[in-house]
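**Student:** File run10.cif below, mmCIF, C-alpha atoms:
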```
data_my_file
loop_
_atom_site.label_atom_id
_atom_site.label_comp_id
_atom_site.auth_asym_id
_atom_site.auth_seq_id
_atom_site.Cartn_x
_atom_site.Cartn_y
_atom_site.Cartn_z
CA MET A 1 -55.31 -44.25 -55.75
CA THR A 2 -56.00 -46.82 -58.48
CA ALA A 3 -58.49 -49.60 -57.86
CA PRO A 4 -56.96 -52.87 -56.62
CA ALA A 5 -56.31 -55.60 -59.19
CA VAL A 6 -57.67 -58.16 -56.75
CA GLU A 7 -59.94 -57.52 -53.77
CA PHE A 8 -61.61 -59.73 -51.18
CA ASP A 9 -64.11 -57.83 -49.05
CA ALA A 10 -65.31 -59.85 -46.02
CA VAL A 11 -65.66 -62.98 -48.14
CA SER A 12 -67.16 -66.15 -46.69
CA LYS A 13 -67.81 -69.48 -48.37
CA ARG A 14 -69.53 -72.48 -46.82
CA PHE A 15 -69.82 -76.11 -47.85
CA HIS A 16 -71.85 -79.10 -46.69
CA LYS A 17 -70.13 -82.23 -45.36
CA GLY A 18 -72.97 -84.53 -46.42
CA ALA A 19 -73.56 -86.19 -49.75
CA ARG A 20 -74.74 -84.02 -52.62
CA ILE A 21 -78.34 -84.19 -53.80
CA SER A 22 -78.11 -86.13 -57.07
CA THR A 23 -81.74 -87.01 -57.85
CA LEU A 24 -85.01 -85.13 -58.22
CA ALA A 25 -86.55 -87.34 -55.52
CA GLY A 26 -83.81 -86.38 -53.09
CA LEU A 27 -84.37 -82.71 -53.88
CA VAL A 28 -88.15 -82.87 -53.38
CA LEU A 29 -88.38 -85.28 -50.44
CA GLY A 30 -85.55 -83.60 -48.56
CA ALA A 31 -86.91 -80.08 -48.95
CA PRO A 32 -89.08 -80.06 -45.76
CA ARG A 33 -86.18 -81.24 -43.64
CA ARG A 34 -83.91 -78.54 -45.09
CA TRP A 35 -86.55 -75.83 -44.54
CA LEU A 36 -87.12 -76.84 -40.91
CA ALA A 37 -83.43 -77.19 -40.05
CA ARG A 38 -82.18 -74.60 -37.59
CA LYS A 39 -79.02 -72.63 -38.07
CA ASN A 40 -76.43 -72.46 -35.30
CA GLU A 41 -74.88 -69.29 -33.86
CA SER A 42 -72.55 -69.03 -36.87
CA GLY A 43 -75.48 -69.13 -39.28
CA LEU A 44 -74.72 -72.67 -40.45
CA LEU A 45 -77.17 -75.49 -41.02
CA PRO A 46 -76.38 -78.97 -39.64
CA GLY A 47 -73.49 -80.46 -41.62
CA GLU A 48 -72.29 -77.13 -42.99
CA PHE A 49 -68.90 -75.53 -42.33
CA TYR A 50 -67.06 -72.40 -43.41
CA ALA A 51 -64.22 -73.04 -45.87
CA LEU A 52 -63.56 -69.28 -45.67
CA SER A 53 -64.84 -66.85 -43.07
CA GLU A 54 -64.59 -63.04 -43.27
CA VAL A 55 -61.45 -62.94 -45.45
CA THR A 56 -60.38 -59.46 -46.54
CA PHE A 57 -57.36 -58.36 -48.58
CA ALA A 58 -56.51 -56.16 -51.56
CA LEU A 59 -53.72 -56.52 -54.10
CA GLN A 60 -52.44 -53.85 -56.47
CA ALA A 61 -51.13 -54.51 -59.97
CA GLY A 62 -47.50 -55.59 -59.78
CA GLU A 63 -47.87 -57.07 -56.29
CA SER A 64 -47.88 -60.73 -55.28
CA LEU A 65 -49.69 -62.39 -52.42
CA GLY A 66 -48.54 -65.70 -51.01
CA ILE A 67 -51.24 -67.70 -49.22
CA LEU A 68 -50.08 -70.29 -46.71
CA GLY A 69 -51.64 -72.50 -44.10
CA PRO A 70 -52.19 -76.15 -43.23
CA ASN A 71 -54.20 -78.49 -45.45
CA GLY A 72 -57.90 -77.63 -45.39
CA SER A 73 -57.32 -74.02 -44.39
CA GLY A 74 -59.10 -72.57 -47.44
CA LYS A 75 -56.15 -71.68 -49.68
CA SER A 76 -57.46 -73.34 -52.85
CA THR A 77 -60.95 -71.98 -52.15
CA VAL A 78 -59.54 -68.46 -52.48
CA LEU A 79 -58.18 -69.31 -55.93
CA LYS A 80 -61.45 -70.94 -57.03
CA LEU A 81 -63.37 -67.85 -55.99
CA LEU A 82 -60.99 -65.64 -57.98
CA PHE A 83 -61.25 -68.01 -60.93
CA ARG A 84 -65.06 -67.74 -60.67
CA ILE A 85 -65.38 -71.50 -60.29
CA LEU A 86 -67.17 -70.75 -57.00
CA ARG A 87 -69.29 -67.85 -55.81
CA PRO A 88 -69.02 -66.38 -52.31
CA ASP A 89 -71.90 -66.83 -49.86
CA ALA A 90 -71.08 -63.46 -48.31
CA GLY A 91 -68.86 -60.53 -49.22
CA GLN A 92 -67.48 -59.37 -52.56
CA VAL A 93 -64.73 -60.81 -54.81
CA ARG A 94 -63.34 -58.43 -57.43
CA ALA A 95 -60.65 -59.09 -60.02
CA LYS A 96 -59.63 -56.45 -62.56
CA GLY A 97 -59.02 -57.70 -66.09
CA ARG A 98 -58.50 -61.24 -67.30
CA VAL A 99 -57.86 -63.91 -64.67
CA GLY A 100 -55.66 -66.85 -65.61
CA GLY A 101 -54.09 -69.61 -63.61
CA LEU A 102 -51.44 -72.28 -63.29
CA ILE A 103 -53.72 -74.50 -61.24
CA GLU A 104 -53.36 -77.98 -62.69
CA LEU A 105 -50.59 -78.33 -65.22
CA GLY A 106 -51.49 -80.37 -68.25
CA ALA A 107 -55.25 -80.42 -67.67
CA GLY A 108 -56.76 -81.05 -71.10
CA PHE A 109 -53.69 -82.73 -72.63
CA HIS A 110 -54.61 -85.64 -74.92
CA PRO A 111 -52.06 -88.42 -74.39
CA TYR A 112 -52.18 -89.74 -77.97
CA LEU A 113 -51.80 -86.36 -79.64
CA SER A 114 -48.42 -84.77 -80.23
CA GLY A 115 -46.95 -81.96 -78.20
CA ARG A 116 -47.59 -79.60 -81.12
CA GLU A 117 -51.29 -80.51 -81.26
CA ASN A 118 -51.66 -80.26 -77.50
CA VAL A 119 -50.22 -76.74 -77.55
CA PHE A 120 -53.19 -75.60 -79.64
CA ILE A 121 -55.76 -77.59 -77.62
CA ASN A 122 -54.44 -76.50 -74.22
CA GLY A 123 -54.00 -72.91 -75.43
CA ALA A 124 -57.69 -72.82 -76.38
CA ILE A 125 -58.67 -74.20 -72.96
CA LEU A 126 -56.66 -71.37 -71.35
CA GLY A 127 -58.51 -68.74 -73.43
CA MET A 128 -56.12 -68.09 -76.32
CA THR A 129 -57.37 -67.87 -79.89
CA ARG A 130 -55.82 -70.08 -82.55
CA ALA A 131 -54.10 -67.01 -84.04
CA GLN A 132 -52.59 -66.15 -80.64
CA VAL A 133 -51.34 -69.70 -80.13
CA ARG A 134 -49.80 -69.70 -83.63
CA GLN A 135 -48.12 -66.36 -82.92
CA ARG A 136 -46.70 -67.56 -79.59
CA TYR A 137 -45.92 -71.14 -80.60
CA ASP A 138 -42.17 -70.67 -81.15
CA SER A 139 -41.83 -68.85 -77.84
CA ILE A 140 -43.75 -71.64 -76.03
CA VAL A 141 -41.47 -74.33 -77.51
CA GLU A 142 -38.35 -72.34 -76.67
CA PHE A 143 -39.52 -71.82 -73.09
CA ALA A 144 -40.24 -75.55 -72.66
CA GLY A 145 -36.90 -76.51 -74.20
CA ILE A 146 -38.22 -79.67 -75.90
CA ALA A 147 -38.29 -78.59 -79.59
CA GLU A 148 -37.09 -81.98 -80.87
CA PHE A 149 -39.98 -83.77 -79.13
CA MET A 150 -42.91 -81.64 -80.26
CA ASP A 151 -44.13 -84.21 -82.84
CA MET A 152 -44.03 -87.06 -80.31
CA PRO A 153 -47.25 -88.14 -78.49
CA VAL A 154 -47.25 -86.67 -75.00
CA LYS A 155 -47.95 -90.12 -73.53
CA ASP A 156 -44.30 -90.88 -74.30
CA TYR A 157 -43.03 -87.76 -72.52
CA SER A 158 -41.23 -88.01 -69.21
CA SER A 159 -43.01 -86.35 -66.29
CA GLY A 160 -40.53 -83.47 -66.47
CA MET A 161 -41.11 -82.88 -70.20
CA TYR A 162 -44.87 -83.02 -69.64
CA ALA A 163 -44.71 -80.42 -66.87
CA ARG A 164 -42.34 -78.16 -68.83
CA LEU A 165 -44.66 -78.03 -71.84
CA ALA A 166 -47.76 -77.50 -69.69
CA PHE A 167 -46.09 -74.65 -67.78
CA ALA A 168 -44.82 -73.05 -70.99
CA ILE A 169 -48.33 -73.00 -72.49
CA ALA A 170 -49.88 -71.57 -69.32
CA ALA A 171 -47.10 -68.98 -69.09
CA HIS A 172 -48.07 -67.57 -72.50
CA ALA A 173 -51.81 -67.18 -71.75
CA ASP A 174 -51.05 -63.55 -70.74
CA PRO A 175 -53.54 -62.90 -67.89
CA ASP A 176 -53.88 -59.66 -65.93
CA VAL A 177 -54.27 -61.58 -62.65
CA LEU A 178 -52.22 -64.75 -62.31
CA LEU A 179 -53.25 -67.54 -59.94
CA VAL A 180 -50.63 -70.15 -59.03
CA ASP A 181 -51.35 -73.31 -57.04
CA GLU A 182 -48.39 -75.55 -56.11
CA VAL A 183 -47.05 -75.80 -59.65
CA LEU A 184 -43.73 -73.94 -59.66
CA ALA A 185 -41.59 -76.90 -58.60
CA VAL A 186 -41.55 -78.51 -62.04
CA GLY A 187 -38.66 -79.80 -64.10
CA ASP A 188 -34.99 -79.57 -63.24
CA ALA A 189 -33.21 -76.79 -61.38
CA THR A 190 -32.51 -74.79 -64.55
CA PHE A 191 -36.16 -74.84 -65.58
CA GLN A 192 -37.30 -73.91 -62.06
CA LEU A 193 -35.07 -70.83 -62.20
CA LYS A 194 -36.68 -69.96 -65.54
CA CYS A 195 -40.13 -70.29 -63.92
CA TYR A 196 -39.23 -68.00 -61.02
CA ASP A 197 -37.69 -65.49 -63.41
CA TRP A 198 -40.90 -65.55 -65.45
CA MET A 199 -42.94 -64.94 -62.31
CA ALA A 200 -40.76 -61.93 -61.46
CA ARG A 201 -41.22 -60.53 -64.97
CA MET A 202 -44.98 -60.95 -64.68
CA ARG A 203 -44.97 -58.82 -61.55
CA LYS A 204 -42.72 -56.16 -63.12
CA SER A 205 -45.02 -55.94 -66.12
CA GLY A 206 -47.93 -55.05 -63.82
CA ARG A 207 -49.63 -58.39 -63.29
CA ALA A 208 -51.00 -59.23 -59.88
CA VAL A 209 -50.01 -62.69 -58.65
CA VAL A 210 -51.81 -64.80 -56.04
CA ALA A 211 -49.83 -67.94 -55.19
CA VAL A 212 -50.55 -70.91 -52.95
CA SER A 213 -47.69 -73.16 -51.92
CA HIS A 214 -46.23 -75.23 -49.10
CA ASP A 215 -42.80 -74.10 -50.30
CA LEU A 216 -42.19 -71.40 -47.72
CA TYR A 217 -38.97 -70.35 -49.44
CA ALA A 218 -41.06 -69.41 -52.50
CA MET A 219 -43.63 -67.66 -50.29
CA ALA A 220 -40.90 -65.49 -48.78
CA ALA A 221 -40.41 -63.84 -52.20
CA SER A 222 -43.99 -62.48 -52.23
CA SER A 223 -44.86 -58.83 -51.59
CA ARG A 224 -47.11 -59.95 -48.73
CA CYS A 225 -48.36 -63.20 -47.24
CA LEU A 226 -51.75 -64.26 -45.90
CA TYR A 227 -51.88 -67.00 -43.28
CA LEU A 228 -55.19 -68.92 -43.19
CA ASN A 229 -56.21 -71.48 -40.60
CA ALA A 230 -59.55 -73.33 -40.68
CA GLY A 231 -60.83 -70.77 -43.19
CA LYS A 232 -60.07 -67.77 -40.98
CA PRO A 233 -57.41 -65.13 -41.64
CA VAL A 234 -54.75 -65.25 -38.93
CA LEU A 235 -52.21 -62.73 -40.19
CA LEU A 236 -51.68 -60.60 -43.30
CA GLY A 237 -48.42 -58.76 -43.72
CA GLU A 238 -44.70 -58.89 -44.45
CA PRO A 239 -43.66 -62.43 -45.53
CA ARG A 240 -41.04 -63.11 -42.85
CA ALA A 241 -43.38 -62.20 -39.98
CA VAL A 242 -46.26 -64.23 -41.42
CA ILE A 243 -44.10 -67.31 -42.08
CA ASP A 244 -42.61 -67.15 -38.59
CA ARG A 245 -46.11 -66.95 -37.06
CA TYR A 246 -47.27 -69.90 -39.18
CA LEU A 247 -44.33 -72.08 -38.10
CA GLN A 248 -44.75 -71.01 -34.49
CA ASP A 249 -48.41 -72.11 -34.57
CA LEU A 250 -47.42 -75.40 -36.16
CA SER A 251 -44.94 -76.10 -33.39
CA LEU A 252 -47.50 -75.20 -30.70
CA GLY A 253 -50.37 -77.12 -32.26
CA GLN A 254 -48.50 -80.30 -33.04
CA ARG A 255 -46.68 -82.55 -30.64
CA ASP A 256 -43.07 -83.28 -31.44
CA PRO A 257 -42.80 -86.73 -33.01
CA VAL A 258 -41.71 -89.49 -30.64
CA PRO A 259 -37.92 -89.78 -30.91
CA GLU A 260 -36.61 -92.86 -32.71
CA THR A 261 -34.47 -94.71 -30.17
CA SER A 262 -32.30 -97.82 -30.40
CA PHE A 263 -29.93 -99.31 -27.82
CA VAL A 264 -27.88 -102.36 -26.89
CA LYS A 265 -29.46 -104.47 -24.12
CA THR A 266 -27.96 -106.17 -21.12
CA GLU A 267 -28.65 -109.83 -20.33
CA SER A 268 -31.63 -108.74 -18.22
CA GLY A 269 -33.14 -106.92 -21.21
CA GLN A 270 -32.62 -103.33 -20.11
CA ALA A 271 -30.52 -100.80 -22.02
CA ARG A 272 -26.84 -100.91 -21.18
CA ALA A 273 -26.83 -97.11 -21.17
CA VAL A 274 -29.15 -94.30 -22.24
CA ILE A 275 -28.86 -90.57 -22.79
CA GLU A 276 -31.97 -89.56 -20.85
CA ARG A 277 -32.04 -86.01 -22.13
CA VAL A 278 -29.86 -83.36 -23.72
CA GLU A 279 -29.94 -79.63 -22.97
CA PHE A 280 -28.70 -76.57 -24.83
CA LEU A 281 -27.50 -73.95 -22.34
CA GLY A 282 -26.47 -70.34 -22.82
CA ASP A 283 -23.48 -68.61 -21.22
CA ASP A 284 -25.72 -67.77 -18.23
CA GLY A 285 -26.53 -71.44 -17.66
CA GLN A 286 -30.15 -71.05 -18.73
CA GLN A 287 -31.72 -73.52 -21.16
CA LEU A 288 -32.08 -72.31 -24.74
CA ARG A 289 -34.81 -72.93 -27.30
CA ALA A 290 -33.26 -70.50 -29.79
CA LEU A 291 -29.62 -69.84 -30.56
CA GLU A 292 -28.30 -66.39 -31.38
CA HIS A 293 -25.70 -65.81 -34.11
CA GLY A 294 -22.18 -66.10 -32.68
CA ALA A 295 -23.38 -67.24 -29.24
CA GLU A 296 -21.54 -69.48 -26.78
CA LEU A 297 -23.29 -72.83 -26.37
CA THR A 298 -23.02 -75.57 -23.76
CA ILE A 299 -24.47 -78.98 -24.62
CA ARG A 300 -25.25 -81.09 -21.55
CA PHE A 301 -25.91 -84.83 -21.75
CA HIS A 302 -27.75 -86.54 -18.87
CA PHE A 303 -26.98 -90.26 -18.96
CA GLN A 304 -27.81 -93.45 -17.09
CA ALA A 305 -25.35 -96.37 -17.38
CA ASN A 306 -27.05 -99.57 -16.20
CA ALA A 307 -23.93 -101.59 -16.96
CA ALA A 308 -20.26 -100.69 -17.24
CA VAL A 309 -19.40 -98.66 -20.37
CA GLU A 310 -15.69 -98.61 -21.17
CA SER A 311 -14.06 -95.55 -22.78
CA PRO A 312 -17.38 -93.86 -23.60
CA MET A 313 -17.75 -91.47 -26.54
CA PHE A 314 -20.69 -89.03 -26.64
CA GLY A 315 -21.93 -87.44 -29.83
CA LEU A 316 -24.60 -85.05 -31.07
CA THR A 317 -25.42 -83.93 -34.60
CA LEU A 318 -27.84 -81.25 -35.75
CA PHE A 319 -29.98 -81.79 -38.85
CA HIS A 320 -31.58 -78.81 -40.56
CA ASP A 321 -35.25 -79.57 -41.30
CA ASP A 322 -36.77 -76.10 -41.61
CA ALA A 323 -39.67 -75.99 -44.08
CA ARG A 324 -38.83 -72.37 -44.93
CA ILE A 325 -35.39 -73.16 -46.32
CA PRO A 326 -34.53 -75.84 -48.90
CA LEU A 327 -31.28 -77.04 -47.35
CA SER A 328 -29.98 -80.58 -47.11
CA SER A 329 -26.64 -82.11 -46.15
CA PRO A 330 -26.76 -85.84 -46.90
CA ARG A 331 -23.05 -86.52 -46.40
CA HIS A 332 -21.79 -83.85 -44.02
CA TYR A 333 -23.34 -82.56 -40.82
CA LEU A 334 -23.90 -78.85 -40.38
CA PHE A 335 -22.94 -79.29 -36.73
CA GLN A 336 -21.36 -82.14 -34.79
CA ALA A 337 -20.17 -82.40 -31.20
CA PHE A 338 -18.12 -85.56 -30.51
CA SER A 339 -16.11 -86.36 -27.40
CA GLY A 340 -13.59 -88.57 -29.22
CA GLU A 341 -10.92 -89.75 -26.81
CA ALA A 342 -11.77 -87.25 -24.06
CA PHE A 343 -12.96 -90.09 -21.78
CA LYS A 344 -10.61 -92.82 -22.96
CA GLY A 345 -9.83 -95.33 -20.18
CA MET A 346 -12.83 -94.20 -18.10
CA THR A 347 -15.62 -96.56 -17.00
CA LEU A 348 -19.18 -95.23 -16.71
CA ARG A 349 -21.79 -96.68 -14.34
CA GLY A 350 -24.91 -95.09 -12.83
CA LYS A 351 -26.29 -91.58 -13.40
CA GLY A 352 -24.12 -88.71 -14.55
CA VAL A 353 -23.73 -85.59 -16.66
CA VAL A 354 -21.34 -84.82 -19.52
CA GLU A 355 -21.11 -81.44 -21.20
CA VAL A 356 -19.19 -79.68 -23.93
CA SER A 357 -18.78 -75.93 -24.53
CA VAL A 358 -18.69 -74.44 -28.02
CA LYS A 359 -17.74 -70.81 -28.58
CA ASP A 360 -18.95 -68.49 -31.36
CA VAL A 361 -21.52 -70.83 -32.87
CA ARG A 362 -22.48 -69.81 -36.41
CA LEU A 363 -24.99 -71.98 -38.21
CA PRO A 364 -27.40 -71.40 -41.10
CA VAL A 365 -30.66 -69.94 -39.84
CA GLY A 366 -33.61 -72.24 -39.30
CA SER A 367 -34.89 -75.11 -37.19
CA TYR A 368 -32.79 -78.13 -36.27
CA ARG A 369 -33.43 -81.53 -34.71
CA ALA A 370 -30.77 -83.21 -32.58
CA LYS A 371 -29.54 -86.78 -32.88
CA THR A 372 -27.56 -88.17 -29.93
CA TYR A 373 -25.14 -91.10 -29.77
CA LEU A 374 -23.20 -93.07 -27.18
CA TYR A 375 -20.36 -95.35 -28.27
CA GLU A 376 -18.09 -97.68 -26.34
CA ARG A 377 -14.32 -97.75 -26.99
CA ASP A 378 -13.68 -97.32 -30.72
CA GLY A 379 -16.93 -99.01 -31.75
CA VAL A 380 -18.56 -98.23 -35.07
CA THR A 381 -22.09 -99.07 -33.91
CA PRO A 382 -23.48 -96.95 -31.05
CA ILE A 383 -24.78 -98.67 -27.95
CA PHE A 384 -27.39 -95.89 -27.73
CA LEU A 385 -28.87 -93.70 -30.48
CA GLN A 386 -31.82 -91.30 -30.42
CA ASP A 387 -33.02 -89.26 -33.40
CA GLY A 388 -35.18 -86.27 -32.42
CA ALA A 389 -33.83 -85.98 -28.88
CA THR A 390 -34.57 -82.24 -28.84
CA ARG A 391 -34.84 -79.22 -31.13
CA ILE A 392 -33.32 -75.77 -31.39
CA GLU A 393 -33.90 -72.72 -33.58
CA VAL A 394 -30.96 -70.76 -34.99
CA LYS A 395 -32.03 -67.12 -35.22
CA ARG A 396 -31.08 -64.55 -37.81
CA PRO A 397 -28.98 -61.73 -36.31
CA GLY A 398 -30.87 -58.53 -35.62
CA TRP A 399 -28.52 -56.49 -37.79
CA SER A 400 -29.19 -58.64 -40.86
CA ASP A 401 -31.43 -57.42 -43.67
CA GLY A 402 -30.57 -60.21 -46.11
CA ARG A 403 -31.84 -63.69 -46.94
CA ALA A 404 -28.55 -65.60 -46.78
CA LEU A 405 -28.55 -68.82 -44.80
CA LEU A 406 -25.47 -67.63 -42.96
CA ASP A 407 -25.05 -63.90 -42.31
CA HIS A 408 -21.77 -61.99 -42.19
CA ARG A 409 -21.22 -58.35 -41.29
CA GLN A 410 -20.32 -56.33 -44.37
CA THR A 411 -18.74 -52.95 -45.03
CA TRP A 412 -19.20 -51.56 -48.52
CA GLY A 413 -17.20 -48.84 -50.25
CA MET A 414 -16.21 -47.58 -53.71
CA PRO A 415 -12.46 -47.06 -53.95
CA VAL A 416 -12.73 -46.04 -57.62
CA MET A 417 -15.66 -43.88 -58.65
CA ALA A 418 -17.07 -44.74 -62.06
CA GLU A 419 -16.64 -41.94 -64.58
CA GLY A 420 -19.76 -39.82 -64.78
CA SER A 421 -21.06 -40.95 -61.38
CA GLN A 422 -22.12 -38.54 -58.65
CA PRO A 423 -21.03 -39.10 -55.00
#
```
Step by step, read the file and then write its structure as C-alpha cells.
**Tutor:**
Amino acid sequence: MTAPAVEFDAVSKRFHKGARISTLAGLVLGAPRRWLARKNESGLLPGEFYALSEVTFALQAGESLGILGPNGSGKSTVLKLLFRILRPDAGQVRAKGRVGGLIELGAGFHPYLSGRENVFINGAILGMTRAQVRQRYDSIVEFAGIAEFMDMPVKDYSSGMYARLAFAIAAHADPDVLLVDEVLAVGDATFQLKCYDWMARMRKSGRAVVAVSHDLYAMAASSRCLYLNAGKPVLLGEPRAVIDRYLQDLSLGQRDPVPETSFVKTESGQARAVIERVEFLGDDGQQLRALEHGAELTIRFHFQANAAVESPMFGLTLFHDDARIPLSSPRHYLFQAFSGEAFKGMTLRGKGVVEVSVKDVRLPVGSYRAKTYLYERDGVTPIFLQDGATRIEVKRPGWSDGRALLDHRQTWGMPVMAEGSQP
C-alpha cells in the first residue's frame, strides 16, 4: 500500500491563554516562575490548553477530508500544522509533496497595483516562479472571468471580482496537497460551480484535499469527514454519519432559542388567547421528534382563550433551517396547515385542543422550526403568533441512496439497447 499523502499520528498542540513574552526582561524575570510551575494531570502548565489532542487520521492521494466542528474546535490548527506554520507538541505530521492552500484569498494583494501585476506578486507568494506565472497567466484570467479589468487597480474591484481573481491565482499554484479554509463560497453561483468543479478535478488528478468549512452541504461531498470538538476527535468516517452526529451534538449542547411571541392583549393586560404548545403526533398517537417519508401526521394545538375569540383560525407553517442543506423559501412555505373556515361561527373561551390530520407527508429532508398563528374572523393580523414553537426533523427514507432533497422511488430500465453494448 502506498504511503498516505497526509498523515496525522497522535498529534497534539497546546497554546497559552496569557499574554506573550515580548521583552527580554519578561523572558528572564519570568523564567523562575515558569520553571517552578506544576503541570496538571493533562501535562499542561497553568494557563495552557490543548488546541488539538491526540488527533489521528490518514489521507490517500485523490481523497478529500472535510473537517467540521464548532468555533474553537481546532479545525484551523490542523491546517496550520499541515502548512508548517505551527509545529506539533506531540505526535507526527506528514505531508507528501508540495502543500498549498486557499486559506486567505487575496493575502498579499497590493490595492494600488493592477490585477495583472498582482497576479505575478500573489503567484510568487504562493510559490510559483515568474516563468510559471507567465505560462499560466491566460488560464488564470480565463478562470477569473475578468479579462477586461486586469489593468485596473484592484482597489477598484468589487468584492466578487477580488475574490474571483484571488481564487483563480491560488487554483493555479498546483500543489500536491490542497488545504481549503472557508473560501469556496466566493463570487456568483456560476463561479461557485466552477470552483467546485475545479476541486473535483484536483481530486481526480491525485491531489489530496483537506477542507474546513461551516457549509455542511460542501462537507457532504468529501470522501470522509472528521468531527472535532474542543480539540478532540469525536468521529471520523462517512460524511453523512459524521454530519448527523455533529448536528445531534449541537442540538443536545445548545438550548433551543426562546420562541419569539406576540399577542393581542385584553383590557386587563393579559393575552386574549395563546397557543400554549403544539405537538406532532404519529398514527399511533405518540409524539414525534422526527418525521418519516410518507408518514401520517397529526398536529395538535393546545390553546387558552382568556377572552372570547370569534370564528377562530389556527395556522402552522414549517421553515427549513437545516445547516446541512442550502434551502430557502422566502415567498412560499414548504408546509402550511391552516384551518380556514373550519370553525367559522364558533366562539372560543377557556382551555381546549384543536388538531388536524395530514396523510402521506412528503417534505424535503432536514430540520424545521414551526411558527404558529391564531386569527379571529377574517383578520389579516394574528391575535397570537409564535415563531419557534417547536421543531421536527424530516428523515431520509431508508431505501434512499441519493442526495436529493425529496426522494422518489425509481425503477430503471433500458428499452433500447445501444448498439455494441453488452447486457
**Student:** Show me, as a PDB file with C-alpha atoms, in the coordinates of the input, the residues that have an atom within 8 Å of range 332-341 of chain A when counting all atoms listed in the file, minus same-chain residues fewer than 3 positions from it.
**Tutor:**
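Okay, around_0.pdb is ready:
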```pdb
ATOM      1  CA  SER A 311     -14.060 -95.550 -22.780  1.00  0.00           C
ATOM      2  CA  MET A 313     -17.750 -91.470 -26.540  1.00  0.00           C
ATOM      3  CA  PHE A 314     -20.690 -89.030 -26.640  1.00  0.00           C
ATOM      4  CA  GLY A 315     -21.930 -87.440 -29.830  1.00  0.00           C
ATOM      5  CA  LEU A 316     -24.600 -85.050 -31.070  1.00  0.00           C
ATOM      6  CA  THR A 317     -25.420 -83.930 -34.600  1.00  0.00           C
ATOM      7  CA  LEU A 318     -27.840 -81.250 -35.750  1.00  0.00           C
ATOM      8  CA  PHE A 319     -29.980 -81.790 -38.850  1.00  0.00           C
ATOM      9  CA  HIS A 320     -31.580 -78.810 -40.560  1.00  0.00           C
ATOM     10  CA  SER A 329     -26.640 -82.110 -46.150  1.00  0.00           C
ATOM     11  CA  LYS A 344     -10.610 -92.820 -22.960  1.00  0.00           C
ATOM     12  CA  VAL A 356     -19.190 -79.680 -23.930  1.00  0.00           C
ATOM     13  CA  LEU A 363     -24.990 -71.980 -38.210  1.00  0.00           C
TER      14      LEU A 363
END
```
**Student:** Which residues would end up in the selection if the PyMOL selection byres ((chain A and resi 83-94) around 7) were applied here, given that I need the answer as a list in words?
**Tutor:**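 Residues picked by the PyMOL selection byres ((chain A and resi 83-94) around 7): Val6, Glu7, Phe8, Asp9, Ala10, Val11, Ser12, Lys13, Arg14, Leu79, Lys80, Leu81, Leu82, Ala95, Lys96 and Val99 of chain A.
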**Student:** Which residues, named as in the file, does the PyMOL selection byres ((chain A and resi 125-131) around 10) pick out? Answer as an mmCIF file with C-alpha atoms, keeping the file's coordinate frame.
**Tutor:**
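Generated output (selection.cif):
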```
data_model
loop_
_atom_site.group_PDB
_atom_site.id
_atom_site.type_symbol
_atom_site.label_atom_id
_atom_site.label_comp_id
_atom_site.auth_asym_id
_atom_site.auth_seq_id
_atom_site.Cartn_x
_atom_site.Cartn_y
_atom_site.Cartn_z
ATOM 1 C CA ARG A 98 -58.500 -61.240 -67.300
ATOM 2 C CA GLY A 100 -55.660 -66.850 -65.610
ATOM 3 C CA GLY A 101 -54.090 -69.610 -63.610
ATOM 4 C CA LEU A 102 -51.440 -72.280 -63.290
ATOM 5 C CA ALA A 107 -55.250 -80.420 -67.670
ATOM 6 C CA GLY A 108 -56.760 -81.050 -71.100
ATOM 7 C CA PHE A 109 -53.690 -82.730 -72.630
ATOM 8 C CA VAL A 119 -50.220 -76.740 -77.550
ATOM 9 C CA PHE A 120 -53.190 -75.600 -79.640
ATOM 10 C CA ILE A 121 -55.760 -77.590 -77.620
ATOM 11 C CA ASN A 122 -54.440 -76.500 -74.220
ATOM 12 C CA GLY A 123 -54.000 -72.910 -75.430
ATOM 13 C CA ALA A 124 -57.690 -72.820 -76.380
ATOM 14 C CA GLN A 132 -52.590 -66.150 -80.640
ATOM 15 C CA VAL A 133 -51.340 -69.700 -80.130
ATOM 16 C CA ARG A 134 -49.800 -69.700 -83.630
ATOM 17 C CA GLN A 135 -48.120 -66.360 -82.920
ATOM 18 C CA ARG A 136 -46.700 -67.560 -79.590
ATOM 19 C CA TYR A 137 -45.920 -71.140 -80.600
ATOM 20 C CA ILE A 169 -48.330 -73.000 -72.490
ATOM 21 C CA ALA A 170 -49.880 -71.570 -69.320
ATOM 22 C CA HIS A 172 -48.070 -67.570 -72.500
ATOM 23 C CA ALA A 173 -51.810 -67.180 -71.750
ATOM 24 C CA ASP A 174 -51.050 -63.550 -70.740
ATOM 25 C CA PRO A 175 -53.540 -62.900 -67.890
#
```
**Student:** Between CA of Met202 in chain A and CA of Gly62 in chain A, what distance in Å does the model show, to one decimal?
**Tutor:**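 CA of Gly62 in chain A lies at a distance of 7.7 Å from CA of Met202 in chain A.
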**Student:** Give me the result of the PyMOL selection byres ((chain A and resi 279) around 9) on this file, residue by residue, as a list in words.
**Tutor:**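 Selection result, ordered by chain and number: Arg277, Val278, Phe280, Leu281, Gln287, Leu288, Thr298, Ile299, Arg300, Phe301, His302 and Thr390 of chain A.
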**Student:** Which is closest to Thr261 in chain A among A:Leu65, A:Leu374, A:Val416, A:Leu348, if we use only C-alpha atoms?
**Tutor:** A:Leu374
**Student:** Give me range 201-205 of chain A with N, CA and C atoms filled in, as a compact mmCIF listing (two decimals), in the frame of the given file.
**Tutor:**
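As a result, result34.txt now contains:
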```txt
# COMPACT_ATOMS: atom_id res chain seq x y z
N ARG A 201 -40.93 -61.40 -63.83
CA ARG A 201 -41.22 -60.53 -64.97
C ARG A 201 -42.71 -60.22 -65.06
N MET A 202 -43.54 -61.20 -64.69
CA MET A 202 -44.98 -60.95 -64.68
C MET A 202 -45.33 -59.82 -63.71
N ARG A 203 -44.71 -59.87 -62.54
CA ARG A 203 -44.97 -58.82 -61.55
C ARG A 203 -44.48 -57.46 -62.05
N LYS A 204 -43.28 -57.43 -62.64
CA LYS A 204 -42.72 -56.16 -63.12
C LYS A 204 -43.55 -55.57 -64.24
N SER A 205 -44.20 -56.43 -65.01
CA SER A 205 -45.02 -55.94 -66.12
C SER A 205 -46.41 -55.49 -65.67
```
